[in-house]
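For reference, target_20.txt (compact mmCIF, C-alpha atoms):
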# COMPACT_ATOMS: atom_id res chain seq x y z
CA MET F 150 98.10 91.92 98.22
CA THR F 151 101.22 93.06 96.43
CA PHE F 152 101.98 90.90 93.40
CA ILE F 153 105.60 90.63 92.33
CA ASN F 154 106.37 89.02 88.98
CA TYR F 155 110.05 88.19 88.52
CA ALA F 156 109.56 87.21 84.88
CA SER F 157 108.11 90.54 83.79
CA ARG F 158 109.98 92.33 86.62
CA GLU F 159 106.91 94.10 87.92
CA ILE F 160 105.60 95.06 91.34
CA ASN F 161 101.82 95.53 91.40
CA CYS F 162 100.12 97.20 94.37
CA LYS F 163 96.52 98.15 95.10
CA ILE F 164 95.54 101.52 96.57
CA VAL F 165 91.94 102.33 97.49
CA TYR F 166 90.45 105.82 97.80
CA TYR F 167 87.76 105.75 100.48
CA GLY F 168 85.41 108.41 101.83
CA PRO F 169 81.80 109.64 101.98
CA GLY F 170 79.63 110.25 98.93
CA LEU F 171 80.64 113.20 96.74
CA CYS F 172 83.87 113.84 98.69
CA GLY F 173 86.00 113.79 95.52
CA LYS F 174 87.44 110.27 95.27
CA THR F 175 86.69 109.96 91.57
CA THR F 176 87.89 113.54 91.02
CA ASN F 177 91.26 112.53 92.53
CA LEU F 178 91.56 109.67 90.05
CA GLN F 179 90.35 111.81 87.17
CA TYR F 180 92.99 114.43 87.91
CA ILE F 181 95.75 111.81 88.14
CA TYR F 182 94.54 110.32 84.87
CA ASP F 183 94.40 113.68 83.07
CA SER F 184 97.85 114.71 84.32
CA THR F 185 99.74 111.51 83.59
CA ALA F 186 101.64 110.75 80.40
CA PRO F 187 99.84 108.16 78.21
CA GLN F 188 102.68 105.63 78.49
CA ALA F 189 102.44 105.62 82.30
CA LYS F 190 98.73 104.87 82.59
CA GLY F 191 96.03 102.52 81.41
CA LYS F 192 92.38 103.34 80.86
CA LEU F 193 90.29 104.94 83.57
CA ILE F 194 87.42 102.54 84.08
CA SER F 195 84.37 103.95 85.82
CA LEU F 196 81.45 101.76 86.80
CA ALA F 197 79.02 104.58 87.44
CA THR F 198 75.30 105.24 87.50
CA GLU F 199 73.59 107.30 84.81
CA THR F 200 74.14 110.36 87.00
CA ASP F 201 77.88 109.69 87.21
CA ARG F 202 77.84 108.48 90.80
CA THR F 203 80.22 105.58 91.37
CA LEU F 204 78.20 102.37 91.36
CA PHE F 205 80.88 99.75 91.97
CA PHE F 206 84.35 101.23 91.53
CA ASP F 207 86.64 103.42 89.43
CA PHE F 208 89.94 101.94 88.43
CA MET F 209 93.14 103.05 86.76
CA PRO F 210 96.58 101.48 86.58
CA LEU F 211 99.50 103.87 87.01
CA GLU F 212 103.17 103.17 86.45
CA LEU F 213 105.45 105.22 88.66
CA GLY F 214 108.89 104.11 87.45
CA THR F 215 111.40 101.41 88.34
CA VAL F 216 112.92 100.33 91.63
CA ARG F 217 116.03 98.19 91.23
CA GLY F 218 114.92 97.12 87.78
CA PHE F 219 111.32 96.38 88.78
CA LYS F 220 108.50 98.41 87.25
CA THR F 221 106.21 99.68 90.00
CA ARG F 222 102.58 99.65 88.98
CA PHE F 223 99.86 100.97 91.26
CA HIS F 224 96.26 99.97 90.70
CA LEU F 225 94.14 102.83 91.96
CA TYR F 226 90.54 102.12 92.97
CA THR F 227 87.74 104.22 94.42
CA VAL F 228 84.78 102.88 96.34
CA PRO F 229 81.18 104.10 95.99
CA GLY F 230 80.64 106.56 98.82
CA GLN F 231 76.90 106.25 99.30
CA VAL F 232 75.99 104.44 102.51
CA TYR F 233 73.88 101.72 100.84
CA TYR F 234 76.73 100.47 98.65
CA ASP F 235 78.53 98.90 101.61
CA ALA F 236 78.72 95.43 100.07
CA SER F 237 80.65 96.87 97.12
CA ARG F 238 83.02 98.75 99.41
CA LYS F 239 83.89 95.55 101.28
CA LEU F 240 84.73 93.77 98.03
CA ILE F 241 87.01 96.53 96.80
CA LEU F 242 89.04 96.50 100.02
CA LYS F 243 90.04 92.89 99.40
CA GLY F 244 93.77 92.66 98.79
CA VAL F 245 94.35 96.35 99.50
CA ASP F 246 97.93 97.53 100.05
CA GLY F 247 97.23 101.15 100.97
CA VAL F 248 94.24 103.41 101.69
CA VAL F 249 93.59 107.11 101.13
CA PHE F 250 90.70 108.54 103.12
CA VAL F 251 89.26 111.54 101.27
CA ALA F 252 87.42 113.76 103.72
CA ASP F 253 84.95 116.44 102.58
CA SER F 254 85.97 119.63 104.41
CA GLN F 255 82.51 121.22 104.33
CA GLU F 256 80.91 121.72 107.71
CA GLU F 257 77.69 119.94 106.77
CA ARG F 258 79.64 116.82 105.70
CA MET F 259 81.40 116.28 109.02
CA ASP F 260 79.01 113.57 110.18
CA ALA F 261 79.34 111.82 106.82
CA ASN F 262 83.14 111.86 107.17
CA ILE F 263 82.99 110.31 110.62
CA GLU F 264 80.48 107.68 109.54
CA SER F 265 82.58 106.78 106.52
CA LEU F 266 85.77 106.54 108.57
CA TYR F 267 84.13 104.17 111.04
CA ASN F 268 82.81 102.21 108.10
CA LEU F 269 86.35 101.96 106.70
CA GLU F 270 87.71 100.65 109.99
CA GLU F 271 84.90 98.09 110.22
CA ASN F 272 85.24 96.93 106.63
CA LEU F 273 89.00 96.60 106.93
CA GLN F 274 88.50 94.43 109.99
CA THR F 275 86.04 92.29 108.06
CA GLN F 276 88.80 91.67 105.51
CA GLY F 277 91.35 90.88 108.24
CA TYR F 278 93.17 94.22 108.22
CA ASP F 279 93.77 96.80 110.92
CA LEU F 280 93.84 100.47 109.92
CA ASN F 281 96.70 100.96 112.39
CA ASN F 282 98.91 98.54 110.48
CA ILE F 283 98.37 99.40 106.84
CA PRO F 284 99.70 102.29 104.74
CA TYR F 285 97.21 105.11 105.19
CA VAL F 286 96.89 108.80 104.30
CA LEU F 287 94.23 111.38 105.20
CA GLN F 288 93.27 113.95 102.56
CA LEU F 289 91.21 117.02 103.49
CA ASN F 290 89.51 117.83 100.22
CA LYS F 291 87.50 120.80 98.94
CA ARG F 292 89.59 123.35 100.82
CA ASP F 293 88.54 126.00 98.28
CA LEU F 294 84.89 126.06 99.38
CA PRO F 295 83.62 128.86 101.65
CA ASN F 296 82.05 126.77 104.42
CA VAL F 297 84.99 124.53 105.35
CA ILE F 298 85.96 123.44 108.84
CA PRO F 299 89.47 124.63 109.84
CA SER F 300 92.09 122.01 108.95
CA GLU F 301 93.27 121.62 112.55
CA GLU F 302 89.74 120.90 113.73
CA LEU F 303 89.08 118.43 110.92
CA THR F 304 92.41 116.71 111.49
CA ALA F 305 91.80 116.45 115.23
CA GLU F 306 88.49 114.71 114.53
CA LEU F 307 89.64 112.36 111.77
CA LEU F 308 93.29 111.59 112.51
CA ARG F 309 93.68 107.95 113.52
CA LYS F 310 97.36 107.17 113.98
CA GLY F 311 99.54 110.13 113.08
CA GLU F 312 99.13 109.45 109.35
CA PRO F 313 100.26 112.03 106.76
CA VAL F 314 97.56 114.68 106.20
CA PHE F 315 97.18 116.73 103.01
CA GLU F 316 94.91 119.63 102.21
CA ALA F 317 93.52 119.31 98.71
CA VAL F 318 91.33 120.74 96.02
CA ALA F 319 91.05 117.68 93.82
CA SER F 320 89.18 119.55 91.09
CA ASN F 321 92.28 121.67 90.32
CA GLY F 322 94.85 119.08 91.42
CA THR F 323 96.04 120.73 94.62
CA GLY F 324 97.34 118.05 96.98
CA VAL F 325 96.34 115.17 94.69
CA PHE F 326 99.83 113.94 93.80
CA ASP F 327 101.19 114.70 97.29
CA THR F 328 98.54 112.36 98.66
CA LEU F 329 99.30 109.65 96.11
CA LYS F 330 103.04 109.88 96.66
CA ALA F 331 102.65 109.63 100.42
CA VAL F 332 100.58 106.45 100.28
CA ALA F 333 102.69 104.88 97.51
CA LYS F 334 105.84 105.54 99.51
CA GLN F 335 104.34 103.87 102.56
CA VAL F 336 103.33 100.84 100.49
CA LEU F 337 106.85 100.40 99.11
CA THR F 338 108.38 100.92 102.54
CA GLU F 339 106.05 98.23 103.90
CA LEU F 340 107.14 95.90 101.09
CA ARG F 341 110.76 96.40 102.06
CA LYS F 342 109.99 95.54 105.67
CA GLY F 343 108.35 92.30 104.55
CA MET Z 111 99.46 94.53 108.47
CA ALA Z 112 99.03 93.97 104.73
CA GLU Z 113 99.19 90.40 103.44
CA THR Z 114 102.41 88.66 102.43
CA PRO Z 115 103.32 89.73 98.89
CA PHE Z 116 102.66 87.09 96.25
CA ILE Z 117 105.94 86.49 94.44
CA LEU Z 118 105.94 84.66 91.14
CA GLN Z 119 109.38 83.37 90.14
CA GLU Z 120 110.40 83.25 86.49
CA HIS Z 121 110.28 79.44 86.23
CA GLN Z 122 106.78 79.41 87.75
CA PHE Z 123 105.64 82.10 85.33
CA GLN Z 124 106.99 80.11 82.36
CA ARG Z 125 105.21 76.96 83.56
CA LEU Z 126 101.97 78.90 83.90
CA LYS Z 127 102.37 80.26 80.38
CA THR Z 128 102.89 76.75 79.06
CA VAL Z 129 99.72 75.52 80.77
CA LEU Z 130 97.74 78.50 79.49
CA GLU Z 131 98.99 78.00 75.94
CA ARG Z 132 98.02 74.35 75.96
CA LEU Z 133 94.67 75.16 77.51
CA ARG Z 134 93.95 77.78 74.85
CA VAL Z 135 94.69 75.27 72.09
CA GLU Z 136 92.64 72.53 73.76
CA CYS Z 137 89.71 74.90 74.27
CA ALA Z 138 90.02 76.33 70.74
CA ALA Z 139 89.79 79.66 72.54
CA ARG Z 140 90.77 83.12 71.43
CA CYS Z 141 92.75 83.84 74.61
CA VAL Z 142 93.20 82.66 78.17
CA PHE Z 143 93.99 84.86 81.18
CA LEU Z 144 95.09 84.04 84.68
CA VAL Z 145 94.05 86.82 87.03
CA ASP Z 146 94.48 87.32 90.76
CA ARG Z 147 91.16 87.70 92.61
CA ASP Z 148 92.27 91.22 93.53
CA GLY Z 149 92.34 92.07 89.82
CA GLN Z 150 96.05 91.80 89.02
CA PRO Z 151 96.82 90.09 85.70
CA ILE Z 152 99.22 87.16 86.29
CA ALA Z 153 99.70 85.57 82.86
CA LEU Z 154 97.94 85.31 79.53
CA ASN Z 155 98.11 83.62 76.17
CA GLY Z 156 96.39 84.11 72.83
CA GLU Z 157 95.05 86.73 70.45
CA ILE Z 158 95.06 89.83 72.62
CA GLY Z 159 95.08 92.44 69.84
CA ASP Z 160 94.62 95.89 71.34
CA MET Z 161 92.59 94.63 74.29
CA ASP Z 162 93.33 96.50 77.53
CA THR Z 163 94.32 93.44 79.55
CA THR Z 164 94.85 95.35 82.80
CA SER Z 165 91.32 96.76 82.77
CA PHE Z 166 89.96 93.42 81.63
CA SER Z 167 91.59 91.68 84.62
CA SER Z 168 90.31 94.24 87.09
CA LEU Z 169 86.76 93.95 85.74
CA ALA Z 170 86.89 90.15 85.71
CA ALA Z 171 87.87 90.18 89.39
CA GLY Z 172 85.13 92.71 90.19
CA ASN Z 173 82.65 90.56 88.33
CA VAL Z 174 83.55 87.42 90.29
CA ALA Z 175 83.63 89.33 93.58
CA ALA Z 176 80.11 90.61 92.92
CA THR Z 177 78.68 87.25 91.85
CA SER Z 178 80.34 85.50 94.81
CA SER Z 179 78.61 87.92 97.15
CA MET Z 180 75.33 87.32 95.33
CA ALA Z 181 75.88 83.58 95.83
CA LYS Z 182 76.16 84.07 99.57
CA LEU Z 183 72.94 86.11 99.64
CA ILE Z 184 71.01 83.18 98.16
CA GLY Z 185 72.66 80.62 100.43
CA GLU Z 186 75.36 79.36 98.06
CA ASP Z 187 78.94 79.33 99.29
CA VAL Z 188 80.41 80.40 95.97
CA PHE Z 189 79.76 80.22 92.23
CA PRO Z 190 82.77 78.20 91.07
CA SER Z 191 82.37 79.50 87.53
CA VAL Z 192 80.76 82.42 85.73
CA TYR Z 193 79.73 82.50 82.08
CA HIS Z 194 78.88 85.45 79.84
CA GLU Z 195 77.48 84.72 76.40
CA GLY Z 196 77.89 87.28 73.66
CA GLU Z 197 76.78 87.40 70.05
CA ARG Z 198 80.28 86.58 68.78
CA GLU Z 199 82.58 86.37 71.83
CA SER Z 200 81.89 84.69 75.15
CA ILE Z 201 83.72 84.58 78.47
CA PHE Z 202 84.04 81.66 80.87
CA ILE Z 203 85.61 82.32 84.28
CA SER Z 204 86.65 79.54 86.61
CA VAL Z 205 87.58 80.32 90.22
CA ILE Z 206 90.80 78.61 91.37
CA GLY Z 207 91.44 79.53 94.99
CA ARG Z 208 92.74 83.09 94.99
CA SER Z 209 92.91 83.22 91.20
CA LEU Z 210 90.63 83.23 88.19
CA LEU Z 211 91.10 81.40 84.94
CA VAL Z 212 89.40 83.40 82.23
CA VAL Z 213 88.76 81.92 78.78
CA VAL Z 214 87.61 84.15 75.92
CA PHE Z 215 86.20 82.17 73.00
CA ASP Z 216 84.12 82.59 69.86
CA GLU Z 217 82.16 80.34 67.47
CA ARG Z 218 85.25 78.16 66.94
CA SER Z 219 84.56 76.58 70.35
CA THR Z 220 81.69 75.66 72.65
CA LEU Z 221 80.93 76.21 76.33
CA SER Z 222 80.94 72.49 77.10
CA LEU Z 223 84.40 72.05 75.57
CA VAL Z 224 85.77 75.06 77.44
CA LYS Z 225 84.30 73.86 80.74
CA LEU Z 226 85.73 70.38 80.31
CA ARG Z 227 89.25 71.48 79.37
CA THR Z 228 89.37 74.27 81.93
CA LYS Z 229 88.58 71.88 84.74
CA ARG Z 230 91.65 69.80 83.94
CA GLY Z 231 93.93 72.78 83.37
CA SER Z 232 92.84 74.40 86.61
CA PHE Z 233 94.46 71.64 88.69
CA GLU Z 234 97.84 72.33 87.09
CA VAL Z 235 97.44 76.07 87.53
CA ALA Z 236 96.44 75.61 91.17
CA ALA Z 237 99.54 73.48 91.87
CA ILE Z 238 101.90 76.12 90.44
CA LEU Z 239 100.17 78.95 92.30
CA ASP Z 240 100.26 77.01 95.57
CA GLU Z 241 103.97 76.45 95.12
CA ALA Z 242 104.52 80.17 94.42
CA MET Z 243 102.51 81.13 97.50
CA ARG Z 244 104.48 78.72 99.70
CA ASP Z 245 107.76 80.11 98.34
CA SER Z 246 106.55 83.68 98.91
CA THR Z 247 105.71 82.96 102.53
CA THR Z 248 109.03 81.19 103.13
CA SER Z 249 110.96 84.01 101.53
CA GLN Z 250 109.21 86.58 103.74
CA MET Z 251 109.71 84.52 106.89
CA ASN Z 252 113.41 84.07 106.18
CA GLY Z 253 113.84 87.74 105.36
CA THR Z 254 115.46 86.67 102.09
CA SER Z 255 113.29 88.88 99.93
CA PHE Z 256 115.12 90.93 97.31
CA PHE Z 257 112.99 93.86 98.40
CA SER Z 258 114.58 94.05 101.82
CA GLU Z 259 117.51 95.67 99.97
CA ILE Z 260 115.42 98.56 98.65
CA THR Z 261 116.71 101.82 100.11
CA ASP Z 262 114.94 105.08 100.96
CA GLU Z 263 116.79 106.61 98.01
CA ASP Z 264 115.33 103.97 95.65
CA ILE Z 265 111.84 104.85 96.80
CA ASP Z 266 112.42 108.59 96.72
CA SER Z 267 113.79 108.36 93.19
CA LEU Z 268 110.34 107.29 91.99
CA PHE Z 269 108.90 110.61 93.03
CA SER Z 270 111.66 112.99 92.07
Written form, structure tokens:
Amino acid sequence: MTFINYASREINCKIVYYGPGLCGKTTNLQYIYDSTAPQAKGKLISLATETDRTLFFDFMPLELGTVRGFKTRFHLYTVPGQVYYDASRKLILKGVDGVVFVADSQEERMDANIESLYNLEENLQTQGYDLNNIPYVLQLNKRDLPNVIPSEELTAELLRKGEPVFEAVASNGTGVFDTLKAVAKQVLTELRKG
Amino acid sequence: MAETPFILQEHQFQRLKTVLERLRVECAARCVFLVDRDGQPIALNGEIGDMDTTSFSSLAAGNVAATSSMAKLIGEDVFPSVYHEGERESIFISVIGRSLLVVVFDERSTLSLVKLRTKRGSFEVAAILDEAMRDSTTSQMNGTSFFSEITDEDIDSLFS
């Protein structure tokens, strides 16, 4: 839920990066964190296992600039991708303003992508949302790997509602900010609509 | 569709700050936070120092979300409060509807005092937040939100 504070003149929104295990959600956040000026970001918090797999969530606040005198702050979250952390994923979707689905382009991860996307739709419904009515972007990650499915094929399988689609290599930053901008823009446009 | 934005007007924010300040003094606490259950910091008062209040708020909300789910698994509806005891600093979190009242205190105070004072303060906080939520909904329904005036150019300027 967007939080607007007239006293501090701030707009706070929540964006969640969703997707199967090891698809690059945390890598997206890490790249954004590493590439952002210190004054525009807070700490990157990672609740991870000893092997650096996301256990509960990653979080970082990011300030994009001002709109009509209001600072726009986006709280970026990732969910744990592994199937058995579903309870955590549901919790993190609470109050979400926009979702990025990070798909793993590798052929052998296609089933995991589909399973995760269905899981997203189900969990959104549990929280009272409909994927068709919330700001949403599809990112096709890991495009640099040799065994990837062609983008058109992957898009045809995963596209839900004509959402913006971006090819990405999160490890070197390709497509990371394009994805973020697209979802942030949708969130602000939604806010304007009321 | 996403939920109605929660809009906190300046006078409501100032009233919340007054309540938090009084609560901090009454609890003899180091600092008091009001946090949205989604992890957004709403207001705070006290000795913050160099504490990262944004991260703190997000983690407090995650903490309560996790313990609330644990409550359901053992047949409880909700844990209305959560307490973490440290060697020097402790944290008491009270759930107030969609928000969390978080009190950070040290050896200058006690858990029983914090619990007692927080209970009273939480009614005042709840009343202000309810009012803000009602106003937010009314503003959205009437289409009187300031944000309806945001243009495409305003949004694009953020990304240029």
Handout entry: Distance filter 8 Å, all atoms listed in the file, chain F against chain Z, as a VMD selection string
Key = chain F and resid 150 to 156 161 191 to 192 194 208 to 210 213 to 217 237 240 to 241 243 to 246 278 to 279 282 to 283 330 334 337 to 338 340 to 343
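Proximity ranking of Z:Leu144, Z:Val214, Z:Leu154, Z:Ala170 relative to Ala236 (chain Z) places Z:Leu144 first, based on only C-alpha atoms.
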Practice task
Give me, please, the distance in Å between CA of Gly156 (chain Z) and CA of Arg125 (chain Z), quoted to one decimal.
Solution key: 15.6 Å
Exercise for the section: Please return, as a PyMOL selection string, all polymer residues that have at least one atom within 10 Å of the point (84.3, 116.8, 103.9); use all atoms listed in the file and the file's own coordinate frame. Expected result: chain F and resi 168-173+251-263+288-292+297-298+303
Exercise for the section: Please provide the set of residues having any atom within 8 Å of Glu131 (chain Z), restricted to all atoms listed in the file, with same-chain residues fewer than 4 positions apart removed, written as number ranges by chain. Expected result: Z: 127, 135, 142, 155-156
Set the distance at 8 Å and use only C-alpha atoms: which residues neighbour region 196-210 of chain Z once local chain neighbours fewer than 3 positions away are removed? I'd like the list as a PDB file with C-alpha atoms, in the frame of the given file.
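Writing the result to part.pdb gives the following:
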ATOM      1  CA  PHE Z 143      93.990  84.860  81.180  1.00  0.00           C
ATOM      2  CA  LEU Z 144      95.090  84.040  84.680  1.00  0.00           C
ATOM      3  CA  VAL Z 145      94.050  86.820  87.030  1.00  0.00           C
ATOM      4  CA  ASP Z 146      94.480  87.320  90.760  1.00  0.00           C
ATOM      5  CA  ARG Z 147      91.160  87.700  92.610  1.00  0.00           C
ATOM      6  CA  ALA Z 171      87.870  90.180  89.390  1.00  0.00           C
ATOM      7  CA  PRO Z 190      82.770  78.200  91.070  1.00  0.00           C
ATOM      8  CA  SER Z 191      82.370  79.500  87.530  1.00  0.00           C
ATOM      9  CA  VAL Z 192      80.760  82.420  85.730  1.00  0.00           C
ATOM     10  CA  TYR Z 193      79.730  82.500  82.080  1.00  0.00           C
ATOM     11  CA  VAL Z 213      88.760  81.920  78.780  1.00  0.00           C
ATOM     12  CA  VAL Z 214      87.610  84.150  75.920  1.00  0.00           C
ATOM     13  CA  PHE Z 215      86.200  82.170  73.000  1.00  0.00           C
ATOM     14  CA  ASP Z 216      84.120  82.590  69.860  1.00  0.00           C
ATOM     15  CA  GLU Z 217      82.160  80.340  67.470  1.00  0.00           C
ATOM     16  CA  LEU Z 221      80.930  76.210  76.330  1.00  0.00           C
ATOM     17  CA  VAL Z 224      85.770  75.060  77.440  1.00  0.00           C
ATOM     18  CA  LYS Z 225      84.300  73.860  80.740  1.00  0.00           C
ATOM     19  CA  THR Z 228      89.370  74.270  81.930  1.00  0.00           C
ATOM     20  CA  SER Z 232      92.840  74.400  86.610  1.00  0.00           C
ATOM     21  CA  ALA Z 236      96.440  75.610  91.170  1.00  0.00           C
TER      22      ALA Z 236
END
Practice task
Rank nothing, just name the residue among F:Tyr180, F:Tyr233, F:Phe223, F:Tyr167 nearest to Gly322 (chain F), using all atoms listed in the file.
Solution key: F:Tyr180
Atom completion result for region 132-148 of chain Z (N, CA and C atoms) as a PDB file, in the coordinates of the input:
ATOM      1  N   ARG Z 132      98.624  75.640  76.288  1.00  0.00           N
ATOM      2  CA  ARG Z 132      98.020  74.350  75.960  1.00  0.00           C
ATOM      3  C   ARG Z 132      96.496  74.396  76.151  1.00  0.00           C
ATOM      4  N   LEU Z 133      96.099  75.047  77.220  1.00  0.00           N
ATOM      5  CA  LEU Z 133      94.670  75.160  77.510  1.00  0.00           C
ATOM      6  C   LEU Z 133      93.946  75.919  76.397  1.00  0.00           C
ATOM      7  N   ARG Z 134      94.582  76.991  75.923  1.00  0.00           N
ATOM      8  CA  ARG Z 134      93.950  77.780  74.850  1.00  0.00           C
ATOM      9  C   ARG Z 134      93.756  76.919  73.599  1.00  0.00           C
ATOM     10  N   VAL Z 135      94.786  76.123  73.281  1.00  0.00           N
ATOM     11  CA  VAL Z 135      94.690  75.270  72.090  1.00  0.00           C
ATOM     12  C   VAL Z 135      93.602  74.212  72.296  1.00  0.00           C
ATOM     13  N   GLU Z 136      93.619  73.584  73.475  1.00  0.00           N
ATOM     14  CA  GLU Z 136      92.640  72.530  73.760  1.00  0.00           C
ATOM     15  C   GLU Z 136      91.204  73.058  73.766  1.00  0.00           C
ATOM     16  N   CYS Z 137      91.053  74.298  74.199  1.00  0.00           N
ATOM     17  CA  CYS Z 137      89.710  74.900  74.270  1.00  0.00           C
ATOM     18  C   CYS Z 137      89.307  75.527  72.934  1.00  0.00           C
ATOM     19  N   ALA Z 138      90.242  75.588  71.990  1.00  0.00           N
ATOM     20  CA  ALA Z 138      90.020  76.330  70.740  1.00  0.00           C
ATOM     21  C   ALA Z 138      89.546  77.743  71.065  1.00  0.00           C
ATOM     22  N   ALA Z 139      90.215  78.346  72.052  1.00  0.00           N
ATOM     23  CA  ALA Z 139      89.790  79.660  72.540  1.00  0.00           C
ATOM     24  C   ALA Z 139      90.589  80.772  71.877  1.00  0.00           C
ATOM     25  N   ARG Z 140      90.060  81.970  71.973  1.00  0.00           N
ATOM     26  CA  ARG Z 140      90.770  83.120  71.430  1.00  0.00           C
ATOM     27  C   ARG Z 140      91.941  83.493  72.354  1.00  0.00           C
ATOM     28  N   CYS Z 141      91.673  83.578  73.653  1.00  0.00           N
ATOM     29  CA  CYS Z 141      92.750  83.840  74.610  1.00  0.00           C
ATOM     30  C   CYS Z 141      92.365  83.348  76.002  1.00  0.00           C
ATOM     31  N   VAL Z 142      93.388  83.150  76.799  1.00  0.00           N
ATOM     32  CA  VAL Z 142      93.200  82.660  78.170  1.00  0.00           C
ATOM     33  C   VAL Z 142      93.996  83.569  79.110  1.00  0.00           C
ATOM     34  N   PHE Z 143      93.353  83.986  80.185  1.00  0.00           N
ATOM     35  CA  PHE Z 143      93.990  84.860  81.180  1.00  0.00           C
ATOM     36  C   PHE Z 143      94.031  84.150  82.529  1.00  0.00           C
ATOM     37  N   LEU Z 144      95.083  84.408  83.269  1.00  0.00           N
ATOM     38  CA  LEU Z 144      95.090  84.040  84.680  1.00  0.00           C
ATOM     39  C   LEU Z 144      95.160  85.352  85.459  1.00  0.00           C
ATOM     40  N   VAL Z 145      94.198  85.539  86.343  1.00  0.00           N
ATOM     41  CA  VAL Z 145      94.050  86.820  87.030  1.00  0.00           C
ATOM     42  C   VAL Z 145      93.948  86.568  88.530  1.00  0.00           C
ATOM     43  N   ASP Z 146      94.623  87.393  89.303  1.00  0.00           N
ATOM     44  CA  ASP Z 146      94.480  87.320  90.760  1.00  0.00           C
ATOM     45  C   ASP Z 146      93.084  87.807  91.147  1.00  0.00           C
ATOM     46  N   ARG Z 147      92.527  87.297  92.228  1.00  0.00           N
ATOM     47  CA  ARG Z 147      91.160  87.700  92.610  1.00  0.00           C
ATOM     48  C   ARG Z 147      91.081  89.167  93.005  1.00  0.00           C
ATOM     49  N   ASP Z 148      92.260  89.783  93.252  1.00  0.00           N
ATOM     50  CA  ASP Z 148      92.270  91.220  93.530  1.00  0.00           C
ATOM     51  C   ASP Z 148      92.325  92.034  92.244  1.00  0.00           C
TER      52      ASP Z 148
END
